[in-house]
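> Dropping in protein-v1.tsv, which is TSV, C-alpha atoms:
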chain	number	residue	atom	x	y	z
A	1	MET	CA	21.86	-6.80	-31.58
A	2	TYR	CA	23.78	-7.87	-28.52
A	3	PHE	CA	21.44	-6.29	-26.02
A	4	TRP	CA	20.43	-9.69	-24.68
A	5	GLN	CA	24.01	-10.92	-24.69
A	6	ALA	CA	25.17	-7.92	-22.63
A	7	PHE	CA	22.06	-7.71	-20.43
A	8	PRO	CA	23.07	-10.40	-17.89
A	9	ASP	CA	26.47	-8.75	-17.41
A	10	PHE	CA	24.76	-5.39	-16.99
A	11	LEU	CA	22.54	-6.83	-14.25
A	12	ARG	CA	25.51	-8.47	-12.55
A	13	ASN	CA	27.62	-5.29	-12.62
A	14	THR	CA	24.70	-3.21	-11.37
A	15	GLY	CA	24.16	-5.70	-8.54
A	16	ILE	CA	27.82	-5.44	-7.53
A	17	LEU	CA	27.55	-1.64	-7.61
A	18	PHE	CA	24.47	-1.75	-5.37
A	19	LEU	CA	26.26	-3.99	-2.88
A	20	ALA	CA	29.23	-1.61	-2.82
A	21	LEU	CA	26.87	1.34	-2.20
A	22	ALA	CA	25.15	-0.62	0.55
A	23	GLY	CA	28.52	-1.13	2.23
A	24	LEU	CA	29.30	2.59	1.87
A	25	HIS	CA	26.00	3.53	3.52
A	26	ALA	CA	26.63	1.06	6.34
A	27	ILE	CA	30.12	2.45	6.97
A	28	SER	CA	28.75	5.99	7.02
A	29	ALA	CA	25.94	5.04	9.40
A	30	ILE	CA	28.38	3.38	11.82
A	31	ALA	CA	31.30	5.82	11.60
A	32	SER	CA	29.56	9.19	11.56
A	33	ARG	CA	25.87	8.46	12.16
A	34	GLY	CA	25.21	9.16	8.51
A	35	ASN	CA	26.59	12.69	8.45
A	36	TRP	CA	29.79	11.85	6.55
A	37	LEU	CA	28.15	10.45	3.41
A	38	ALA	CA	25.47	13.15	3.33
A	39	ALA	CA	28.15	15.86	3.52
A	40	LEU	CA	30.23	14.18	0.82
A	41	LEU	CA	27.28	13.91	-1.56
A	42	THR	CA	26.32	17.53	-0.92
A	43	ALA	CA	29.86	18.66	-1.78
A	44	ALA	CA	29.83	16.53	-4.93
A	45	ALA	CA	26.47	18.01	-5.96
A	46	ARG	CA	27.77	21.55	-5.51
A	47	PHE	CA	30.88	20.76	-7.54
A	48	LEU	CA	28.83	19.32	-10.41
A	49	GLN	CA	26.43	22.24	-10.39
A	50	LYS	CA	29.30	24.75	-10.51
A	51	SER	CA	30.92	22.74	-13.30
A	52	ALA	CA	27.63	22.78	-15.22
A	53	GLN	CA	27.39	26.55	-14.82
A	54	SER	CA	30.98	27.01	-16.01
A	55	THR	CA	30.30	24.75	-19.01
A	56	ARG	CA	27.18	26.73	-19.84
A	57	ASN	CA	29.11	30.01	-19.72
A	58	PHE	CA	31.86	28.53	-21.90
A	59	THR	CA	29.26	27.34	-24.44
A	60	LYS	CA	27.63	30.76	-24.60
A	61	GLY	CA	30.99	32.47	-24.99
A	62	THR	CA	32.03	30.10	-27.78
A	63	TRP	CA	28.75	30.65	-29.62
A	64	ASP	CA	29.10	34.41	-29.33
A	65	PHE	CA	32.64	34.15	-30.72
A	66	PHE	CA	31.71	32.11	-33.78
A	67	LYS	CA	28.18	33.25	-34.67
A	68	ASP	CA	29.31	36.40	-36.48
A	69	ASP	CA	31.88	34.54	-38.59
A	70	PRO	CA	30.75	30.90	-39.10
A	71	TRP	CA	33.26	30.32	-41.93
A	72	ASN	CA	36.24	30.99	-39.73
A	73	THR	CA	38.90	28.39	-40.64
A	74	GLY	CA	41.84	29.52	-38.55
A	75	PHE	CA	43.21	28.09	-35.32
A	76	GLY	CA	39.81	28.46	-33.71
A	77	CYS	CA	38.27	25.93	-36.10
A	78	LEU	CA	41.23	23.60	-35.66
A	79	PHE	CA	40.65	23.81	-31.92
A	80	VAL	CA	36.99	22.92	-32.54
A	81	VAL	CA	38.00	19.79	-34.46
A	82	VAL	CA	40.42	18.53	-31.84
A	83	PHE	CA	38.26	19.33	-28.84
A	84	ALA	CA	35.06	17.96	-30.41
A	85	PHE	CA	36.67	14.61	-31.12
A	86	PHE	CA	38.19	14.57	-27.65
A	87	LEU	CA	34.78	15.09	-26.08
A	88	ALA	CA	33.27	12.46	-28.36
A	89	GLY	CA	35.82	9.94	-27.12
A	90	ILE	CA	35.04	10.78	-23.50
A	91	LEU	CA	31.30	10.60	-24.04
A	92	SER	CA	31.60	7.29	-25.88
A	93	VAL	CA	32.76	5.70	-22.64
A	94	PHE	CA	29.38	6.48	-21.11
A	95	THR	CA	27.20	5.99	-24.20
A	96	GLY	CA	28.33	2.56	-25.36
A	97	GLY	CA	30.16	3.87	-28.40
A	98	ALA	CA	27.19	5.82	-29.81
A	99	TRP	CA	29.31	8.90	-30.45
A	100	VAL	CA	32.07	6.82	-32.01
A	101	ALA	CA	29.55	5.29	-34.41
A	102	PHE	CA	28.39	8.79	-35.34
A	103	PHE	CA	31.93	9.89	-36.13
A	104	ASP	CA	32.48	6.68	-38.11
A	105	GLU	CA	29.65	7.73	-40.42
A	106	ILE	CA	31.31	11.11	-40.94
A	107	ASP	CA	34.61	9.33	-41.60
A	108	PHE	CA	33.05	7.10	-44.27
A	109	PHE	CA	31.61	10.17	-46.01
A	110	LEU	CA	34.95	11.97	-45.96
A	111	GLU	CA	36.78	8.92	-47.30
A	112	ASP	CA	34.45	8.75	-50.30
A	113	LEU	CA	34.86	12.49	-50.82
A	114	VAL	CA	38.66	12.58	-50.73
A	115	ARG	CA	39.60	9.10	-51.91
A	116	TYR	CA	42.01	10.22	-54.63
A	117	SER	CA	43.25	13.55	-53.25
A	118	PRO	CA	46.43	14.47	-51.35
A	119	ALA	CA	45.89	14.32	-47.62
A	120	GLU	CA	47.38	17.76	-46.88
A	121	GLU	CA	45.21	19.60	-49.38
A	122	ILE	CA	42.11	17.70	-48.39
A	123	PHE	CA	42.60	18.55	-44.72
A	124	LEU	CA	42.51	22.25	-45.58
A	125	VAL	CA	39.47	21.77	-47.81
A	126	GLN	CA	37.64	19.87	-45.09
A	127	LEU	CA	38.58	22.48	-42.54
A	128	PHE	CA	37.03	25.16	-44.72
A	129	LEU	CA	33.94	23.33	-46.02
A	130	PHE	CA	32.95	21.75	-42.75
A	131	SER	CA	33.83	24.57	-40.35
A	132	PRO	CA	30.16	25.58	-39.77
A	133	LEU	CA	29.22	21.97	-39.11
A	134	LEU	CA	32.17	21.49	-36.79
A	135	VAL	CA	31.35	24.64	-34.85
A	136	LEU	CA	27.74	23.49	-34.45
A	137	LEU	CA	28.88	20.03	-33.43
A	138	PHE	CA	31.26	21.55	-30.92
A	139	ILE	CA	28.41	23.56	-29.39
A	140	LEU	CA	26.19	20.49	-29.23
A	141	LEU	CA	28.88	18.41	-27.54
A	142	ILE	CA	29.50	21.08	-24.94
A	143	GLY	CA	25.76	21.34	-24.44
A	144	ALA	CA	25.54	17.60	-23.86
A	145	VAL	CA	28.28	17.81	-21.24
A	146	TRP	CA	26.44	20.69	-19.56
A	147	SER	CA	23.17	18.71	-19.51
A	148	ILE	CA	24.84	15.64	-17.99
A	149	LEU	CA	26.61	17.68	-15.30
A	150	SER	CA	23.47	19.63	-14.49
A	151	LEU	CA	21.23	16.57	-14.20
A	152	ALA	CA	23.85	14.65	-12.21
A	153	GLY	CA	24.31	17.58	-9.82
A	154	LYS	CA	20.57	17.97	-9.23
A	155	GLY	CA	20.08	14.23	-8.77
A	156	ILE	CA	22.89	13.91	-6.22
A	157	HIS	CA	21.64	17.01	-4.39
A	158	ILE	CA	18.16	15.49	-4.04
A	159	TYR	CA	19.60	12.19	-2.83
A	160	ALA	CA	21.88	13.92	-0.31
A	161	ALA	CA	18.88	15.83	1.06
A	162	LEU	CA	16.87	12.59	1.26
A	163	ILE	CA	19.43	10.70	3.35
A	164	GLY	CA	20.70	13.70	5.31
A	165	ALA	CA	17.64	14.82	7.26
A	166	PRO	CA	16.02	14.55	9.67
A	167	ALA	CA	17.57	11.27	10.82
A	168	PRO	CA	20.60	10.47	8.59
A	169	GLN	CA	21.70	7.38	10.49
A	170	LYS	CA	18.27	5.68	10.33
A	171	ARG	CA	17.78	6.63	6.69
A	172	GLN	CA	21.16	5.29	5.69
A	173	TRP	CA	20.55	2.02	7.50
A	174	LEU	CA	17.29	1.83	5.53
A	175	MET	CA	19.12	2.52	2.28
A	176	THR	CA	21.70	-0.12	3.22
A	177	GLY	CA	18.95	-2.71	3.47
A	178	ILE	CA	17.26	-1.64	0.24
A	179	LEU	CA	20.50	-1.64	-1.74
A	180	LEU	CA	21.55	-4.96	-0.25
A	181	LEU	CA	18.29	-6.62	-1.29
A	182	ALA	CA	18.44	-5.02	-4.74
A	183	GLY	CA	22.06	-6.09	-5.27
A	184	VAL	CA	21.43	-9.71	-4.28
A	185	GLY	CA	18.31	-9.77	-6.46
A	186	LEU	CA	20.17	-8.47	-9.51
A	187	LEU	CA	23.03	-10.93	-9.06
A	188	THR	CA	20.57	-13.81	-8.79
A	189	SER	CA	18.48	-12.72	-11.78
A	190	SER	CA	21.56	-12.23	-13.98
A	191	GLY	CA	22.45	-15.91	-13.67
A	192	GLN	CA	18.88	-17.02	-14.31
A	193	ILE	CA	18.40	-14.88	-17.41
A	194	ARG	CA	21.72	-15.72	-19.07
A	195	PRO	CA	20.59	-18.91	-20.94
A	196	PHE	CA	17.60	-17.07	-22.39
A	197	ALA	CA	19.75	-14.06	-23.27
A	198	ASN	CA	22.32	-16.23	-25.08
A	199	ASN	CA	19.56	-17.83	-27.12
A	200	GLN	CA	18.17	-14.43	-28.11
A	201	ALA	CA	21.65	-13.23	-29.11
A	202	ARG	CA	22.16	-16.38	-31.19
A	203	GLU	CA	18.92	-15.82	-33.09
A	204	ALA	CA	19.74	-12.15	-33.68
A	205	LEU	CA	23.18	-12.98	-35.04
A	206	LYS	CA	21.80	-15.67	-37.34
A	207	ALA	CA	19.46	-13.07	-38.83
A	208	HIS	CA	22.37	-10.70	-39.47
A	209	LEU	CA	24.51	-13.47	-40.94
A	210	ALA	CA	21.71	-14.31	-43.33
A	211	SER	CA	21.38	-10.69	-44.45
A	212	GLY	CA	25.15	-10.16	-44.81
A	213	ASP	CA	24.92	-6.75	-43.12
A	214	LEU	CA	27.24	-6.81	-40.09
A	215	ARG	CA	28.52	-3.24	-40.18
A	216	ARG	CA	29.91	-1.95	-36.89
A	217	LEU	CA	28.59	-4.98	-34.99
A	218	ASP	CA	30.39	-6.29	-31.92
A	219	LEU	CA	31.35	-9.85	-32.84
A	220	GLN	CA	34.41	-10.19	-30.64
A	221	ASN	CA	35.32	-13.53	-29.07
A	222	LEU	CA	32.62	-15.45	-30.97
A	223	ASN	CA	33.11	-18.82	-32.63
A	224	LEU	CA	32.33	-18.22	-36.32
A	225	SER	CA	34.58	-20.93	-37.70
A	226	GLY	CA	33.52	-22.13	-41.14
A	227	VAL	CA	30.82	-19.49	-41.50
A	228	ASP	CA	29.94	-18.27	-45.00
A	229	LEU	CA	30.36	-14.48	-45.08
A	230	SER	CA	31.20	-14.14	-48.76
A	231	GLY	CA	30.35	-10.63	-49.92
A	232	ALA	CA	29.25	-9.60	-46.42
A	233	ASP	CA	29.65	-6.04	-45.19
A	234	LEU	CA	31.76	-6.17	-42.03
A	235	SER	CA	33.08	-2.61	-42.21
A	236	SER	CA	34.06	-1.26	-38.78
A	237	ALA	CA	32.92	-4.51	-37.13
A	238	ASN	CA	34.67	-5.63	-33.96
A	239	LEU	CA	36.06	-9.12	-34.65
A	240	SER	CA	38.91	-9.04	-32.17
A	241	GLY	CA	39.62	-12.48	-30.76
A	242	THR	CA	36.97	-14.03	-33.02
A	243	CYS	CA	37.46	-17.55	-34.37
A	244	LEU	CA	37.04	-17.42	-38.17
A	245	ALA	CA	39.02	-20.55	-39.01
A	246	GLY	CA	37.99	-21.84	-42.42
A	247	ALA	CA	35.48	-19.03	-42.89
A	248	ASN	CA	34.48	-17.93	-46.39
A	249	LEU	CA	35.19	-14.19	-46.59
A	250	GLN	CA	35.51	-13.86	-50.35
A	251	LYS	CA	34.79	-10.29	-51.49
A	252	ALA	CA	33.87	-9.35	-47.92
A	253	ASN	CA	34.15	-5.71	-46.93
A	254	LEU	CA	36.40	-5.61	-43.86
A	255	GLN	CA	37.34	-1.95	-44.13
A	256	ASN	CA	38.18	-0.45	-40.73
A	257	ALA	CA	37.35	-3.81	-39.09
A	258	ASN	CA	39.09	-4.78	-35.86
A	259	LEU	CA	40.53	-8.29	-36.35
A	260	ALA	CA	43.25	-8.03	-33.73
A	261	GLY	CA	43.99	-11.47	-32.31
A	262	ALA	CA	41.45	-13.12	-34.63
A	263	TRP	CA	42.00	-16.69	-35.80
A	264	LEU	CA	41.75	-16.87	-39.61
A	265	ASP	CA	43.59	-20.09	-40.39
A	266	TYR	CA	42.47	-21.58	-43.74
A	267	ALA	CA	40.02	-18.69	-44.21
A	268	ASP	CA	39.29	-17.52	-47.76
A	269	LEU	CA	39.89	-13.75	-47.97
A	270	SER	CA	40.33	-13.56	-51.74
A	271	ASN	CA	39.20	-10.22	-53.18
A	272	ALA	CA	38.39	-9.00	-49.68
A	273	ASN	CA	38.63	-5.31	-48.81
A	274	LEU	CA	41.07	-4.99	-45.88
A	275	LYS	CA	41.62	-1.24	-46.08
A	276	ASN	CA	42.51	0.18	-42.65
A	277	ALA	CA	41.76	-3.20	-41.07
A	278	ASP	CA	43.57	-4.10	-37.84
A	279	LEU	CA	45.02	-7.63	-38.13
A	280	GLN	CA	47.57	-7.19	-35.37
A	281	SER	CA	48.60	-10.55	-33.88
A	282	ALA	CA	46.02	-12.33	-36.04
A	283	SER	CA	46.65	-15.88	-37.24
A	284	LEU	CA	46.37	-16.25	-41.04
A	285	LYS	CA	48.13	-19.57	-41.55
A	286	HIS	CA	47.14	-21.17	-44.88
A	287	ALA	CA	44.71	-18.31	-45.50
A	288	ILE	CA	43.85	-17.32	-49.10
A	289	LEU	CA	44.67	-13.65	-49.64
A	290	ASP	CA	44.67	-13.62	-53.45
A	291	ASP	CA	43.65	-10.23	-54.87
A	292	ALA	CA	42.84	-8.94	-51.38
A	293	SER	CA	43.06	-5.16	-51.03
A	294	PHE	CA	45.59	-3.99	-48.44
A	295	TRP	CA	45.76	-0.25	-47.76
A	296	GLU	CA	47.03	1.06	-44.44
A	297	THR	CA	46.36	-2.38	-43.01
A	298	ASN	CA	47.99	-3.30	-39.70
A	299	LEU	CA	49.58	-6.77	-39.91
A	300	ASN	CA	52.06	-6.23	-37.09
A	301	GLY	CA	52.71	-9.55	-35.35
A	302	ALA	CA	50.39	-11.49	-37.68
A	303	ASP	CA	51.20	-15.09	-38.63
A	304	LEU	CA	51.12	-15.48	-42.45
A	305	ARG	CA	52.79	-18.88	-42.76
A	306	TYR	CA	51.76	-20.70	-45.95
A	307	ALA	CA	49.19	-18.02	-46.80
A	308	SER	CA	48.48	-17.52	-50.50
A	309	SER	CA	48.81	-13.90	-51.62
A	310	GLN	CA	48.96	-13.91	-55.40
A	311	ARG	CA	48.40	-10.49	-56.94
A	312	SER	CA	47.97	-8.98	-53.48
A	313	GLY	CA	50.23	-6.19	-52.36
A	314	PRO	CA	50.55	-4.22	-49.12
A	315	SER	CA	50.36	-0.45	-49.67
A	316	ARG	CA	51.11	1.92	-46.79
A	317	THR	CA	50.78	-1.19	-44.65
A	318	THR	CA	52.48	-2.32	-41.45
A	319	LEU	CA	53.98	-5.76	-42.15
A	320	PRO	CA	54.24	-8.56	-39.55
A	321	ASP	CA	57.79	-7.61	-38.54
A	322	GLY	CA	56.81	-3.97	-38.05
A	323	GLU	CA	58.18	-2.72	-41.38
A	324	GLN	CA	55.96	-0.17	-43.11
A	325	THR	CA	55.46	0.07	-46.85
A	326	PHE	CA	54.79	3.37	-48.57
A	327	ILE	CA	53.58	4.65	-51.91
A	328	GLY	CA	56.54	5.00	-54.25
A	329	ASP	CA	58.41	2.04	-52.77
A	330	ARG	CA	59.29	0.02	-55.89
A	331	THR	CA	59.64	-3.24	-54.02
A	332	TRP	CA	56.13	-3.23	-52.61
A	333	GLY	CA	53.69	-5.77	-54.00
A	334	TYR	CA	52.73	-9.36	-53.35
A	335	LEU	CA	56.43	-10.31	-53.31
A	336	ARG	CA	56.62	-8.47	-49.99
A	337	PHE	CA	54.54	-11.25	-48.45
A	338	GLU	CA	56.81	-14.09	-49.54
A	339	ARG	CA	59.25	-13.72	-46.68
A	340	PHE	CA	56.31	-14.10	-44.26
A	341	THR	CA	54.48	-16.89	-46.10
A	342	ASP	CA	57.28	-19.09	-47.46
A	343	PRO	CA	59.53	-20.77	-44.83
A	344	GLU	CA	62.06	-21.44	-47.62
A	345	HIS	CA	62.55	-17.75	-48.31
A	346	PRO	CA	66.13	-16.59	-47.47
A	347	ASN	CA	64.77	-13.72	-45.37
A	348	TYR	CA	61.90	-15.68	-43.87
A	349	TRP	CA	60.32	-14.11	-40.79
A	350	ALA	CA	57.58	-15.59	-38.62
A	351	VAL	CA	56.02	-14.56	-35.38
A	352	SER	CA	56.25	-16.89	-32.41
A	353	ASN	CA	53.34	-19.27	-31.96
A	354	LEU	CA	50.23	-17.24	-31.25
A	355	PRO	CA	47.89	-18.52	-28.53
A	356	ILE	CA	44.65	-19.98	-29.83
A	357	PRO	CA	41.84	-17.67	-28.66
A	358	VAL	CA	39.22	-18.98	-26.30
A	359	SER	CA	36.64	-18.44	-29.05
A	360	CYS	CA	38.12	-21.43	-30.93
A	361	GLN	CA	37.96	-23.63	-27.88
A	362	ASN	CA	34.81	-23.30	-25.81
A	363	ALA	CA	33.06	-20.02	-26.66
A	364	PRO	CA	29.38	-20.23	-27.71
A	365	ASP	CA	28.92	-20.91	-31.43
A	366	TYR	CA	26.39	-18.39	-32.70
A	367	SER	CA	26.61	-19.49	-36.33
A	368	ASN	CA	24.62	-22.69	-36.02
Any chance you could put this one into structure tokens?


Amino acid sequence: MYFWQAFPDFLRNTGILFLALAGLHAISAIASRGNWLAALLTAAARFLQKSAQSTRNFTKGTWDFFKDDPWNTGFGCLFVVVFAFFLAGILSVFTGGAWVAFFDEIDFFLEDLVRYSPAEEIFLVQLFLFSPLLVLLFILLIGAVWSILSLAGKGIHIYAALIGAPAPQKRQWLMTGILLLAGVGLLTSSGQIRPFANNQAREALKAHLASGDLRRLDLQNLNLSGVDLSGADLSSANLSGTCLAGANLQKANLQNANLAGAWLDYADLSNANLKNADLQSASLKHAILDDASFWETNLNGADLRYASSQRSGPSRTTLPDGEQTFIGDRTWGYLRFERFTDPEHPNYWAVSNLPIPVSCQNAPDYSN
């Protein structure tokens, strides 16, 4: 959805990278007649190729270990779980969150499966039932790492050979010029394409707002004040720093949504699903929270002054002052909110004035 919105920044960052590489080639051409950079790239290529070979050997060894006993649920499978998620987090840095989105889908499935079961027992059940899948996923993740290392090593090796012979200094001066022209061109084009890109992003968002399906979308730092999102699915959406002042979020699904630093003053969140939502340092002054569902919600540092919370109760939730409520705590319930919403309460607690996010001041309004 936000391809066009991110495209100008991508061009700008790529242009800056090209200019930095042009400077590196120029330094190498002056300081060592081109030999220094060619030698460095050759060493990097060898390191990546050796790493790829080691990864391949590790993958083969792991497969040989598990293939005869795919239902193994001991420490080996636990290692698979931890390491697979670790690799997914690393890969997500380079894949724009694609792996994180994949694991979110698995998480949604598991939540539906184990909604009413004790966490300790369910962990063991999951470990047993999904061990073949986890082993396969582990192998695939390692294979992806091997492919990336192998391709990167071969690519750098080819480039090092290209600029290293027979005249490294001349070739690197040539590459300096090419990269310099490309960098300047990308920086110029990024500024020219931005108005068009913003318009395309606005139209795309309007289509999603009309459909009500905003799952896992990146909506951070947008001005959505007053928007009607009643009944919308915003599960796992990124709304950090978003201006939602006066927005209609009745019966909206905000499960696992990131609302950290969001501005929700006078917003209607009645009957909204806020399970696992992150509302850290969010402003909810005068917000309507009646019958909203709070479960493991993070409200640490949130401003709830004058918010209405009838029949709403935090369960296993982090309250604005950092206190955590738990199942079995007899005092939990909507009364827990009164000392954060009512300034006349004897134990009233309020966060210091939160800064109004830029999205409420001069950020583009994609809702109109």

> Can you work out which one of A:Lys251, A:Arg56, A:Arg336, A:Arg316 has the shortest atom-to-atom distance to Asp291 of chain A, counting all atoms listed in the file?

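So, comparing all the options, the nearest one is A:Lys251.
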
> Separation of atom CA of Asp265 of chain A and atom CA of Ala277 of chain A, in Å?

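Here the two named atoms are 17.0 Å from each other.
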
> To one decimal place in Å, what is the distance between atom CA of Leu149 of chain A and atom CA of Ala52 of chain A?

5.2 Å

> For Ser270 of chain A, which residue among A:Ala197, A:Leu162, A:Leu249, A:Ala282 is the nearest when counting all atoms listed in the file?

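Of A:Ala197, A:Leu162, A:Leu249, A:Ala282, the one nearest Ser270 of chain A, counting all atoms listed in the file, is A:Leu249.
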
> So which residues touch Ser190 of chain A within 12 Å, counting all atoms listed in the file, skipping near sequence neighbours fewer than 6 positions away, as a ChimeraX atom specification?

/A:4-16,183-184,196-198

> Padding 6 Å on every side, please: axis-aligned box over the listed atoms of segment 278-288 of chain A, centre and edge lengths to one decimal in Å, as lines of an AutoDock Vina configuration file.


center_x = 46.1
center_y = -12.6
center_z = -41.5
size_x = 17.0
size_y = 29.1
size_z = 27.2

> Which residues, written as an MDAnalysis selection string, have at least one atom at most 9 Å from Leu234 of chain A, with all atoms listed in the file counted and residues fewer than 2 positions away on the same chain left out?

chainID A and resid 212:217 229 232 236:238 252:257

> So how far away is atom CA of Leu219 of chain A from atom CA of Pro195 of chain A, in Å?

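These two atoms are separated by 18.4 Å.
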
> Tell me which of A:His157, A:Arg202, A:Lys285, A:His208 sits closest to Ala350 of chain A, counting only C-alpha atoms.

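For Ala350 of chain A, the nearest of the given residues is A:Lys285.
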
> Tell me which protein, DNA and RNA residues are within 8 Å of Trp295 of chain A, counting all atoms listed in the file, leaving out same-chain ones fewer than 5 positions away, and put them as a ChimeraX atom specification.

/A:274-276,314-317

> Go through A:Gln280, A:Asn57, A:Gln250, A:Asn353 one by one, measure the shortest atom-to-atom distance of each to Arg305 of chain A using only C-alpha atoms, and give the residue with the smallest value.

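Closest to Arg305 of chain A of all the choices is A:Asn353.
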